[in-house]
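Visitor: Next comes coords_9.pdb, PDB, C-alpha atoms and all ligand atoms:
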ATOM      1  CA  MET U  11      41.139  72.042-149.907
ATOM      2  CA  ASN U  12      40.641  68.705-151.601
ATOM      3  CA  ILE U  13      37.391  66.832-151.291
ATOM      4  CA  ILE U  14      38.168  64.602-148.262
ATOM      5  CA  PRO U  15      39.288  67.344-145.819
ATOM      6  CA  ARG U  16      36.406  69.469-147.072
ATOM      7  CA  LEU U  17      33.913  66.723-146.278
ATOM      8  CA  GLN U  18      35.522  66.170-142.879
ATOM      9  CA  HIS U  19      35.317  69.910-142.203
ATOM     10  CA  LEU U  20      31.636  69.969-143.154
ATOM     11  CA  ALA U  21      30.967  66.882-141.042
ATOM     12  CA  SER U  22      32.590  68.425-137.961
ATOM     13  CA  ARG U  23      30.510  71.615-138.422
ATOM     14  CA  PHE U  24      27.410  69.477-138.869
ATOM     15  CA  PHE U  25      28.084  67.654-135.618
ATOM     16  CA  SER U  26      28.713  70.734-133.518
ATOM     17  CA  GLY U  27      26.241  73.171-131.943
ATOM     18  CA  SER U  28      23.300  73.129-134.293
ATOM     19  CA  GLY U  29      23.355  69.310-134.346
ATOM     20  CA  ARG U  30      22.766  69.106-130.603
ATOM     21  CA  GLN U  31      19.872  71.571-130.788
ATOM     22  CA  GLN U  32      18.170  69.235-133.210
ATOM     23  CA  GLY U  33      18.048  66.549-130.505
ATOM     24  CA  SER U  34      14.328  66.810-129.827
ATOM     25  CA  GLN U  35      13.468  66.781-133.523
ATOM     26  CA  GLN U  36      15.614  63.719-134.080
ATOM     27  CA  LEU U  37      14.029  61.933-131.136
ATOM     28  CA  ALA U  38      10.572  62.589-132.583
ATOM     29  CA  ARG U  39      11.414  59.962-135.203
ATOM     30  CA  LEU U  40      11.888  57.491-132.364
ATOM     31  CA  ASP U  41       8.487  58.137-130.827
ATOM     32  CA  ALA U  42       6.942  54.747-131.627
ATOM     33  CA  TYR U  43      10.181  53.132-130.435
ATOM     34  CA  LYS U  44       9.967  54.988-127.119
ATOM     35  CA  GLN U  45       6.346  53.966-126.516
ATOM     36  CA  ALA U  46       7.188  50.338-127.323
ATOM     37  CA  ALA U  47      10.186  50.477-124.977
ATOM     38  CA  ARG U  48       7.955  51.571-122.099
ATOM     39  CA  ARG U  49       5.455  48.809-122.852
ATOM     40  CA  ALA U  50       8.356  46.330-122.750
ATOM     41  CA  GLY U  51       9.192  47.409-119.205
ATOM     42  CA  ILE U  52      12.276  49.418-120.226
ATOM     43  CA  ASP U  53      12.525  52.439-117.947
ATOM     44  CA  ARG U  54      15.990  53.769-118.800
ATOM     45  CA  LEU U  55      18.765  53.597-121.373
ATOM     46  CA  TYR U  56      20.489  50.204-121.550
ATOM     47  CA  LEU U  57      23.563  49.164-123.500
ATOM     48  CA  PHE U  58      23.471  45.646-124.969
ATOM     49  CA  LEU U  59      26.914  45.405-126.544
ATOM     50  CA  SER U  60      27.913  42.329-128.496
ATOM     51  CA  PHE U  61      30.859  41.263-130.625
ATOM     52  CA  ASP U  62      30.801  39.281-133.841
ATOM     53  CA  CYS U  63      34.004  37.287-134.040
ATOM     54  CA  ASP U  64      34.106  36.173-137.664
ATOM     55  CA  THR U  65      37.841  35.977-138.428
ATOM     56  CA  ASP U  66      41.020  34.473-136.948
ATOM     57  CA  LEU U  67      42.026  37.975-135.813
ATOM     58  CA  ASP U  68      39.033  38.328-133.508
ATOM     59  CA  ALA U  69      39.951  35.730-130.870
ATOM     60  CA  ASP U  70      43.090  37.494-129.582
ATOM     61  CA  ALA U  71      41.404  40.874-130.007
ATOM     62  CA  ALA U  72      38.336  39.697-128.052
ATOM     63  CA  GLU U  73      40.507  38.492-125.175
ATOM     64  CA  GLU U  74      42.262  41.860-124.888
ATOM     65  CA  LEU U  75      39.071  43.832-125.363
ATOM     66  CA  HIS U  76      37.241  41.820-122.718
ATOM     67  CA  CYS U  77      39.795  42.885-120.062
ATOM     68  CA  PHE U  78      39.389  46.529-121.049
ATOM     69  CA  LEU U  79      35.572  46.355-121.026
ATOM     70  CA  THR U  80      35.499  44.561-117.678
ATOM     71  CA  SER U  81      37.768  47.231-116.183
ATOM     72  CA  ARG U  82      35.196  49.846-117.270
ATOM     73  CA  GLY U  83      32.208  47.872-115.988
ATOM     74  CA  ILE U  84      30.878  47.191-119.495
ATOM     75  CA  LYS U  85      29.292  43.769-120.159
ATOM     76  CA  ALA U  86      29.904  42.004-123.457
ATOM     77  CA  THR U  87      28.102  39.191-125.256
ATOM     78  CA  TYR U  88      29.964  37.267-127.958
ATOM     79  CA  ALA U  89      28.589  35.906-131.246
ATOM     80  CA  VAL U  90      31.210  33.510-132.613
ATOM     81  CA  PRO U  91      30.618  31.091-135.523
ATOM     82  CA  GLY U  92      31.103  27.470-134.450
ATOM     83  CA  ALA U  93      34.055  27.057-136.844
ATOM     84  CA  GLN U  94      35.880  29.939-135.084
ATOM     85  CA  LEU U  95      34.951  28.676-131.619
ATOM     86  CA  GLU U  96      36.586  25.347-132.447
ATOM     87  CA  LYS U  97      39.706  27.027-133.899
ATOM     88  CA  ALA U  98      40.270  29.207-130.819
ATOM     89  CA  ALA U  99      38.572  27.026-128.207
ATOM     90  CA  GLY U 100      41.203  27.880-125.588
ATOM     91  CA  ILE U 101      40.592  31.624-125.737
ATOM     92  CA  TYR U 102      36.803  31.498-125.973
ATOM     93  CA  GLY U 103      36.534  28.767-123.347
ATOM     94  CA  HIS U 104      38.613  30.933-121.032
ATOM     95  CA  LEU U 105      36.387  33.975-121.635
ATOM     96  CA  ALA U 106      33.312  31.848-120.901
ATOM     97  CA  THR U 107      34.833  30.551-117.664
ATOM     98  CA  GLY U 108      35.351  34.184-116.691
ATOM     99  CA  GLY U 109      31.622  34.815-117.131
ATOM    100  CA  ALA U 110      31.422  36.126-120.715
ATOM    101  CA  GLU U 111      28.116  35.297-122.394
ATOM    102  CA  PHE U 112      28.045  33.598-125.804
ATOM    103  CA  MET U 113      25.158  33.517-128.215
ATOM    104  CA  ASN U 114      24.783  30.943-130.961
ATOM    105  CA  HIS U 115      26.035  32.449-134.240
ATOM    106  CA  GLY U 116      25.633  29.313-136.411
ATOM    107  CA  GLY U 117      28.156  26.577-137.115
ATOM    108  CA  LEU U 118      29.746  27.382-140.496
ATOM    109  CA  PRO U 119      32.586  29.921-140.955
ATOM    110  CA  HIS U 120      31.517  33.489-141.838
ATOM    111  CA  ALA U 121      34.706  34.712-143.472
ATOM    112  CA  GLU U 122      37.668  33.441-145.462
ATOM    113  CA  TRP U 123      41.005  34.945-146.402
ATOM    114  CA  ARG U 124      41.216  35.894-150.092
ATOM    115  CA  GLU U 125      44.397  37.493-151.445
ATOM    116  CA  ASP U 126      44.737  40.460-149.083
ATOM    117  CA  ARG U 127      41.585  40.555-146.977
ATOM    118  CA  TRP U 128      38.836  38.653-145.159
ATOM    119  CA  VAL U 129      35.779  38.104-147.308
ATOM    120  CA  GLY U 130      32.328  37.103-146.080
ATOM    121  CA  ARG U 131      30.864  33.638-146.650
ATOM    122  CA  THR U 132      27.840  31.628-145.417
ATOM    123  CA  PHE U 133      24.821  33.672-146.383
ATOM    124  CA  TYR U 134      21.562  32.171-145.185
ATOM    125  CA  ASP U 135      19.600  33.693-148.077
ATOM    126  CA  SER U 136      21.453  31.393-150.482
ATOM    127  CA  MET U 137      20.796  28.267-148.388
ATOM    128  CA  THR U 138      17.643  26.144-148.050
ATOM    129  CA  ALA U 139      15.479  26.519-144.938
ATOM    130  CA  GLU U 140      16.581  23.003-143.904
ATOM    131  CA  ALA U 141      20.271  23.884-144.248
ATOM    132  CA  VAL U 142      19.744  27.061-142.185
ATOM    133  CA  ALA U 143      18.065  25.093-139.399
ATOM    134  CA  VAL U 144      20.874  22.514-139.492
ATOM    135  CA  ASP U 145      23.484  25.291-139.191
ATOM    136  CA  ILE U 146      21.667  26.869-136.217
ATOM    137  CA  ARG U 147      21.530  23.483-134.453
ATOM    138  CA  ARG U 148      25.207  22.845-135.219
ATOM    139  CA  GLY U 149      26.097  26.245-133.729
ATOM    140  CA  HIS U 150      24.161  25.307-130.601
ATOM    141  CA  GLU U 151      26.160  22.088-130.183
ATOM    142  CA  ILE U 152      29.511  23.825-130.660
ATOM    143  CA  VAL U 153      28.819  26.730-128.248
ATOM    144  CA  THR U 154      27.723  24.192-125.637
ATOM    145  CA  ALA U 155      30.814  22.008-126.185
ATOM    146  CA  VAL U 156      33.404  24.827-126.231
ATOM    147  CA  THR U 157      32.032  27.110-123.504
ATOM    148  CA  GLY U 158      30.359  24.505-121.288
ATOM    149  CA  VAL U 159      27.279  26.718-121.184
ATOM    150  CA  VAL U 160      24.065  26.121-123.138
ATOM    151  CA  PRO U 161      23.386  29.291-125.171
ATOM    152  CA  THR U 162      20.057  31.094-124.831
ATOM    153  CA  GLY U 163      20.387  33.580-127.700
ATOM    154  CA  PHE U 164      21.007  33.521-131.452
ATOM    155  CA  ARG U 165      22.189  35.858-134.215
ATOM    156  CA  ALA U 166      22.449  34.846-137.885
ATOM    157  CA  PRO U 167      25.608  35.256-139.962
ATOM    158  CA  HIS U 168      25.471  38.486-142.022
ATOM    159  CA  PHE U 169      21.907  38.847-140.776
ATOM    160  CA  GLY U 170      21.190  41.962-142.864
ATOM    161  CA  CYS U 171      20.642  39.711-145.891
ATOM    162  CA  PHE U 172      18.122  37.493-144.084
ATOM    163  CA  GLN U 173      15.320  39.856-143.065
ATOM    164  CA  LYS U 174      12.206  38.752-144.958
ATOM    165  CA  PRO U 175       9.358  37.971-142.534
ATOM    166  CA  GLU U 176       9.489  34.241-143.319
ATOM    167  CA  GLN U 177      13.285  34.215-142.874
ATOM    168  CA  VAL U 178      13.104  35.942-139.487
ATOM    169  CA  ALA U 179      10.267  33.595-138.474
ATOM    170  CA  LEU U 180      12.418  30.575-139.415
ATOM    171  CA  MET U 181      15.261  31.774-137.166
ATOM    172  CA  HIS U 182      12.940  32.577-134.270
ATOM    173  CA  ARG U 183      11.111  29.236-134.609
ATOM    174  CA  THR U 184      14.351  27.254-134.656
ATOM    175  CA  ALA U 185      15.691  29.198-131.673
ATOM    176  CA  ALA U 186      12.430  28.538-129.793
ATOM    177  CA  GLU U 187      12.768  24.806-130.546
ATOM    178  CA  LEU U 188      16.231  24.929-128.974
ATOM    179  CA  GLY U 189      14.706  26.458-125.829
ATOM    180  CA  TYR U 190      16.229  29.932-126.360
ATOM    181  CA  GLY U 191      14.861  33.089-124.790
ATOM    182  CA  TYR U 192      16.129  35.714-127.221
ATOM    183  CA  CYS U 193      17.531  36.522-130.649
ATOM    184  CA  SER U 194      19.225  39.683-131.850
ATOM    185  CA  THR U 195      19.145  39.193-135.571
ATOM    186  CA  THR U 196      17.150  42.063-137.115
ATOM    187  CA  LEU U 197      18.010  45.518-138.463
ATOM    188  CA  PRO U 198      17.229  48.885-136.809
ATOM    189  CA  ALA U 199      14.114  49.349-139.007
ATOM    190  CA  MET U 200      12.481  46.534-137.061
ATOM    191  CA  GLY U 201      13.215  48.310-133.779
ATOM    192  CA  LEU U 202      11.757  51.558-135.118
ATOM    193  CA  ALA U 203       8.556  49.697-135.955
ATOM    194  CA  LYS U 204       8.290  47.274-133.029
ATOM    195  CA  GLY U 205      10.552  48.669-130.324
ATOM    196  CA  PRO U 206      13.757  47.457-128.667
ATOM    197  CA  ALA U 207      12.272  44.117-127.544
ATOM    198  CA  TYR U 208       9.307  42.269-129.053
ATOM    199  CA  LEU U 209       7.902  38.763-129.022
ATOM    200  CA  SER U 210       7.997  36.573-132.153
ATOM    201  CA  GLN U 211       7.443  32.795-132.292
ATOM    202  CA  GLY U 212       7.897  32.642-128.521
ATOM    203  CA  ILE U 213      11.289  34.393-128.738
ATOM    204  CA  VAL U 214      12.138  37.917-127.574
ATOM    205  CA  GLU U 215      13.878  39.751-130.423
ATOM    206  CA  PHE U 216      16.280  42.618-129.698
ATOM    207  CA  PRO U 217      16.692  44.478-133.019
ATOM    208  CA  CYS U 218      20.012  46.231-133.599
ATOM    209  CA  PHE U 219      20.041  49.966-133.021
ATOM    210  CA  GLY U 220      21.277  52.802-135.224
ATOM    211  CA  SER U 221      21.906  56.352-134.005
ATOM    212  CA  VAL U 222      19.592  59.297-133.379
ATOM    213  CA  ARG U 223      20.983  60.960-136.506
ATOM    214  CA  ASN U 224      20.739  57.870-138.730
ATOM    215  CA  PRO U 225      18.169  55.655-136.991
ATOM    216  CA  GLU U 226      17.874  53.236-139.916
ATOM    217  CA  THR U 227      21.625  52.671-140.289
ATOM    218  CA  ILE U 228      23.197  50.122-138.022
ATOM    219  CA  LEU U 229      25.935  51.627-135.828
ATOM    220  CA  ASP U 230      28.440  48.802-136.213
ATOM    221  CA  SER U 231      32.162  48.862-136.765
ATOM    222  CA  TRP U 232      32.071  47.594-140.377
ATOM    223  CA  THR U 233      29.828  50.423-141.614
ATOM    224  CA  TYR U 234      32.153  53.079-140.157
ATOM    225  CA  LEU U 235      35.537  51.605-141.126
ATOM    226  CA  THR U 236      37.453  54.051-143.281
ATOM    227  CA  ASP U 237      39.964  51.324-144.286
ATOM    228  CA  ARG U 238      38.546  47.833-144.731
ATOM    229  CA  VAL U 239      41.901  46.153-145.449
ATOM    230  CA  ASN U 240      44.017  47.411-142.539
ATOM    231  CA  TYR U 241      40.999  48.319-140.392
ATOM    232  CA  ALA U 242      40.745  51.969-139.376
ATOM    233  CA  LEU U 243      37.597  53.131-137.644
ATOM    234  CA  GLY U 244      36.378  56.589-138.645
ATOM    235  CA  ASP U 245      35.684  59.451-136.236
ATOM    236  CA  ASP U 246      32.044  59.461-137.314
ATOM    237  CA  TYR U 247      31.596  56.287-135.285
ATOM    238  CA  TYR U 248      32.394  58.154-132.075
ATOM    239  CA  ARG U 249      30.497  61.289-133.067
ATOM    240  CA  LEU U 250      27.289  59.399-133.845
ATOM    241  CA  LEU U 251      27.560  57.294-130.716
ATOM    242  CA  GLU U 252      28.325  60.249-128.447
ATOM    243  CA  GLU U 253      25.454  62.268-129.886
ATOM    244  CA  THR U 254      23.062  59.326-129.491
ATOM    245  CA  VAL U 255      24.007  58.539-125.891
ATOM    246  CA  SER U 256      24.031  62.200-124.801
ATOM    247  CA  THR U 257      20.744  63.074-126.522
ATOM    248  CA  MET U 258      18.885  60.039-125.207
ATOM    249  CA  LEU U 259      20.168  60.580-121.661
ATOM    250  CA  GLU U 260      19.378  64.306-121.743
ATOM    251  CA  HIS U 261      15.827  63.566-122.825
ATOM    252  CA  ARG U 262      15.504  60.635-120.387
ATOM    253  CA  MET U 263      14.553  58.432-123.264
ATOM    254  CA  PRO U 264      14.159  54.708-122.502
ATOM    255  CA  GLY U 265      15.689  52.291-124.970
ATOM    256  CA  VAL U 266      18.323  49.685-125.675
ATOM    257  CA  LEU U 267      21.553  50.500-127.470
ATOM    258  CA  THR U 268      21.806  47.105-129.174
ATOM    259  CA  TRP U 269      25.160  47.692-130.797
ATOM    260  CA  TYR U 270      27.819  45.318-132.014
ATOM    261  CA  ALA U 271      31.338  45.446-133.359
ATOM    262  CA  ASP U 272      34.023  43.053-134.577
ATOM    263  CA  PRO U 273      36.864  42.973-132.006
ATOM    264  CA  ALA U 274      39.626  43.230-134.635
ATOM    265  CA  HIS U 275      37.985  46.351-136.121
ATOM    266  CA  VAL U 276      37.841  48.244-132.838
ATOM    267  CA  LEU U 277      40.623  47.135-130.474
ATOM    268  CA  ASP U 278      42.924  50.103-129.816
ATOM    269  CA  GLN U 279      40.952  52.267-132.265
ATOM    270  CA  ALA U 280      40.446  55.661-130.643
ATOM    271  CA  PRO U 281      36.805  56.199-131.742
ATOM    272  CA  PHE U 282      35.744  52.927-130.117
ATOM    273  CA  MET U 283      37.881  53.156-126.974
ATOM    274  CA  ARG U 284      36.599  56.715-126.389
ATOM    275  CA  ALA U 285      33.034  55.518-126.914
ATOM    276  CA  ILE U 286      33.451  52.903-124.183
ATOM    277  CA  GLU U 287      35.024  55.451-121.818
ATOM    278  CA  LEU U 288      32.089  57.779-122.486
ATOM    279  CA  MET U 289      29.444  55.153-121.721
ATOM    280  CA  ALA U 290      31.299  54.132-118.558
ATOM    281  CA  LYS U 291      31.533  57.769-117.447
ATOM    282  CA  LYS U 292      27.853  58.411-118.110
ATOM    283  CA  GLU U 293      27.002  55.179-116.280
ATOM    284  CA  VAL U 294      24.834  53.755-119.036
ATOM    285  CA  THR U 295      23.449  50.474-117.639
ATOM    286  CA  SER U 296      25.265  47.703-119.479
ATOM    287  CA  VAL U 297      23.648  44.266-119.803
ATOM    288  CA  THR U 298      24.235  40.908-121.502
ATOM    289  CA  GLY U 299      21.526  39.356-123.666
ATOM    290  CA  ASP U 300      20.382  37.112-120.823
ATOM    291  CA  GLN U 301      20.182  40.012-118.373
ATOM    292  CA  LEU U 302      18.171  42.075-120.848
ATOM    293  CA  LEU U 303      15.841  39.123-121.341
ATOM    294  CA  ASP U 304      15.187  38.990-117.582
ATOM    295  CA  ILE U 305      14.338  42.705-117.592
ATOM    296  CA  VAL U 306      11.866  42.648-120.484
ATOM    297  CA  SER U 307      10.425  39.138-120.339
ATOM    298  CA  PRO U 308       7.544  39.716-117.904
ATOM    299  CA  ALA U 309       6.159  42.739-119.794
ATOM    300  CA  VAL U 310       6.854  41.461-123.338
ATOM    301  CA  ARG U 311       5.258  38.082-122.666
ATOM    302  CA  MET U 312       2.139  39.783-121.261
ATOM    303  CA  GLN U 313       1.503  41.693-124.520
TER     304      GLN U 313
HETATM  305 ZN    ZN F   1      29.304  36.601-138.055
END
Could you show the structure in this file as structure tokens?
Guide:
Amino acid sequence: MNIIPRLQHLASRFFSGSGRQQGSQQLARLDAYKQAARRAGIDRLYLFLSFDCDTDLDADAAEELHCFLTSRGIKATYAVPGAQLEKAAGIYGHLATGGAEFMNHGGLPHAEWREDRWVGRTFYDSMTAEAVAVDIRRGHEIVTAVTGVVPTGFRAPHFGCFQKPEQVALMHRTAAELGYGYCSTTLPAMGLAKGPAYLSQGIVEFPCFGSVRNPETILDSWTYLTDRVNYALGDDYYRLLEETVSTMLEHRMPGVLTWYADPAHVLDQAPFMRAIELMAKKEVTSVTGDQLLDIVSPAVRMQ
């Protein structure tokens, strides 16, 4: 047996039987998170699913995915850089008319084609605070122009590299100045410390969520791609998601599955499509950013 099948074999053993019995132990690591969730008025398990649409491939994929999600009763919120919104204004405008929610994801492009693949660009940690604020305001103008709806939420480009307290405060402050209610622009570690929804600079932040097995690691499509050129999503994505949803439901644990994916990474990929079917079957309550804000606002703003 060469190394890859051997690892896969070990992983499948790891995920079966004994893994499930460890549910309570794993949830113990989410104890502070659970308490904070209750204080934020969260009484059940919610899914806040969003899509980062950074490349030209994502517009068509988002359109197709949106139909599938709607047919399964799953709500989606879209984070599209202004440059991509303008390129595919027809598609995104149409999704917005159909009721899809869009958050501000900045104005500049987040990816460019180099040789044989899409490569990331626009990193806020290499820009001045003024340039970051300008980009957030530009994103606001473009979302409003293309969708006809004023956004109420924000997520930074490649937000994992912009997590220092002063950087997060800058984003929250700028979003508050724009009249926003929420941001979802921090890593799972922030949720473990402060819970699924917390107040900062007048803004409610929804940190991204990991999994019960790897609570610090974001459960996004990029992390679990097994081929980053032709895009193939690994089975671990489904396994981690299934284990997380099942364990949290079994233990009646309140929380928010603040998960995101890139449409082109997940459309027609079995691990993702199965994950959506699972959450639909288990009737996890699916919400957009605005709906989640309505749920938590009274309690979070009282704290
Ligand atoms: Zn992005």
Visitor: Here's the selection I'm unsure about, the PyMOL selection byres (((not hetatm)) within 12 of (chain F and resi 1)); applied to the file above, which residues does it give, as a ChimeraX atom specification?
Guide: /U:60-66,68,88-95,113-122,129-134,149,164-170,195,232,270-273
Visitor: As a VMD selection string, please: the residues near range 32-42 of chain U (cut-off 10 Å, only C-alpha atoms, same-chain neighbours under 2 positions excluded).
Guide: chain U and resid 27 to 30 44 to 47 201 to 205 221 to 225 253 to 254 256 to 258 260 to 261 263 265
Visitor: Let me see the file: selected residues, C-alpha atoms, as an mmCIF file, in the frame of the given file.
Guide:
data_model
loop_
_atom_site.group_PDB
_atom_site.id
_atom_site.type_symbol
_atom_site.label_atom_id
_atom_site.label_comp_id
_atom_site.auth_asym_id
_atom_site.auth_seq_id
_atom_site.Cartn_x
_atom_site.Cartn_y
_atom_site.Cartn_z
ATOM 1 C CA GLY U 27 26.241 73.171 -131.943
ATOM 2 C CA SER U 28 23.300 73.129 -134.293
ATOM 3 C CA GLY U 29 23.355 69.310 -134.346
ATOM 4 C CA ARG U 30 22.766 69.106 -130.603
ATOM 5 C CA LYS U 44 9.967 54.988 -127.119
ATOM 6 C CA GLN U 45 6.346 53.966 -126.516
ATOM 7 C CA ALA U 46 7.188 50.338 -127.323
ATOM 8 C CA ALA U 47 10.186 50.477 -124.977
ATOM 9 C CA GLY U 201 13.215 48.310 -133.779
ATOM 10 C CA LEU U 202 11.757 51.558 -135.118
ATOM 11 C CA ALA U 203 8.556 49.697 -135.955
ATOM 12 C CA LYS U 204 8.290 47.274 -133.029
ATOM 13 C CA GLY U 205 10.552 48.669 -130.324
ATOM 14 C CA SER U 221 21.906 56.352 -134.005
ATOM 15 C CA VAL U 222 19.592 59.297 -133.379
ATOM 16 C CA ARG U 223 20.983 60.960 -136.506
ATOM 17 C CA ASN U 224 20.739 57.870 -138.730
ATOM 18 C CA PRO U 225 18.169 55.655 -136.991
ATOM 19 C CA GLU U 253 25.454 62.268 -129.886
ATOM 20 C CA THR U 254 23.062 59.326 -129.491
ATOM 21 C CA SER U 256 24.031 62.200 -124.801
ATOM 22 C CA THR U 257 20.744 63.074 -126.522
ATOM 23 C CA MET U 258 18.885 60.039 -125.207
ATOM 24 C CA GLU U 260 19.378 64.306 -121.743
ATOM 25 C CA HIS U 261 15.827 63.566 -122.825
ATOM 26 C CA MET U 263 14.553 58.432 -123.264
ATOM 27 C CA GLY U 265 15.689 52.291 -124.970
#
Visitor: Output the residue selection produced by the PyMOL selection byres (((chain U and resi 82) around 8) and not hetatm) on the file above, formatted as a list in words.
Guide: Phe78, Leu79, Thr80, Ser81, Gly83, Ile84, Ile286, Glu287 and Ala290 of chain U
Visitor: Under the rule that only C-alpha atoms are counted, which of U:Ala207, U:Ala69, U:Val160, U:Leu75 is the nearest residue to Tyr43 in chain U?
Guide: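 Checking each candidate against Tyr43 in chain U, we get U:Ala207 as the closest.
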Visitor: Which of these residues is nearest to Gly244 in chain U, using all atoms listed in the file: U:Gln279, U:Thr196, U:Gln211, U:Thr162?
Guide: U:Gln279
Visitor: Please compute the CA of Asp135 in chain U-CA of Lys97 in chain U distance, one decimal, in Å.
Guide: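 CA of Lys97 in chain U lies 25.5 Å from CA of Asp135 in chain U.
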Visitor: Which distance in Å separates CA of Leu250 in chain U and CA of Pro281 in chain U, to one decimal?
Guide: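 Answer for the CA of Leu250 in chain U to CA of Pro281 in chain U separation: 10.3 Å.
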Visitor: Out of U:Met200, U:Val144, U:Val266, U:Val276, which residue has the shortest atom-to-atom distance to Thr236 in chain U when counting only C-alpha atoms?
Guide: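 Ranked by minimum distance to Thr236 in chain U, first place goes to U:Val276.
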Visitor: Measure the distance from CA of Tyr56 in chain U to CA of Leu302 in chain U in Å and round it to one decimal.
Guide: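 Pair CA of Tyr56 in chain U / CA of Leu302 in chain U returns 8.5 Å.
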Visitor: Under the rule that only C-alpha atoms are counted, which of U:Ser194, U:Thr295, U:Ser231, U:Thr184 is the nearest residue to Ile52 in chain U?
Guide: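 Going through U:Ser194, U:Thr295, U:Ser231, U:Thr184 one by one, the smallest distance to Ile52 in chain U is for U:Thr295.
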Visitor: When distances are computed from all atoms listed in the file, which of U:Gly212, U:Trp269, U:Arg262, U:Arg127 shows the smallest separation from Gln313 in chain U?
Guide: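 Closest candidate: U:Gly212.
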Visitor: Measuring between all atoms listed in the file, which one of U:Ala285, U:Ile152, U:Val142, U:Val239 shows the shortest distance to Trp123 in chain U?
Guide: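 Smallest separation from Trp123 in chain U among the options: U:Val239.
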Visitor: On this file, the PyMOL selection byres (((chain U and resi 50) around 6) and not hetatm) gives some set of residues; write that set as a short mmCIF file (atom, residue, chain, number, x, y, z; two decimals) with C-alpha atoms, in the coordinates of the input.
Guide:
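To be explicit, this is the file written out as out_38.cif:
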data_model
loop_
_atom_site.label_atom_id
_atom_site.label_comp_id
_atom_site.auth_asym_id
_atom_site.auth_seq_id
_atom_site.Cartn_x
_atom_site.Cartn_y
_atom_site.Cartn_z
CA ALA U 47 10.19 50.48 -124.98
CA ARG U 48 7.96 51.57 -122.10
CA ARG U 49 5.46 48.81 -122.85
CA GLY U 51 9.19 47.41 -119.20
CA ILE U 52 12.28 49.42 -120.23
CA VAL U 306 11.87 42.65 -120.48
CA ALA U 309 6.16 42.74 -119.79
CA VAL U 310 6.85 41.46 -123.34
#
Visitor: Once you count all atoms listed in the file, which residues end up no further than 8 Å from (36.7, 57.9, -130.0) in the file's frame, shown as a list of chain:residue names?
Guide: U:Asp245, U:Tyr247, U:Tyr248, U:Arg249, U:Gln279, U:Ala280, U:Pro281, U:Phe282, U:Met283, U:Arg284, U:Ala285
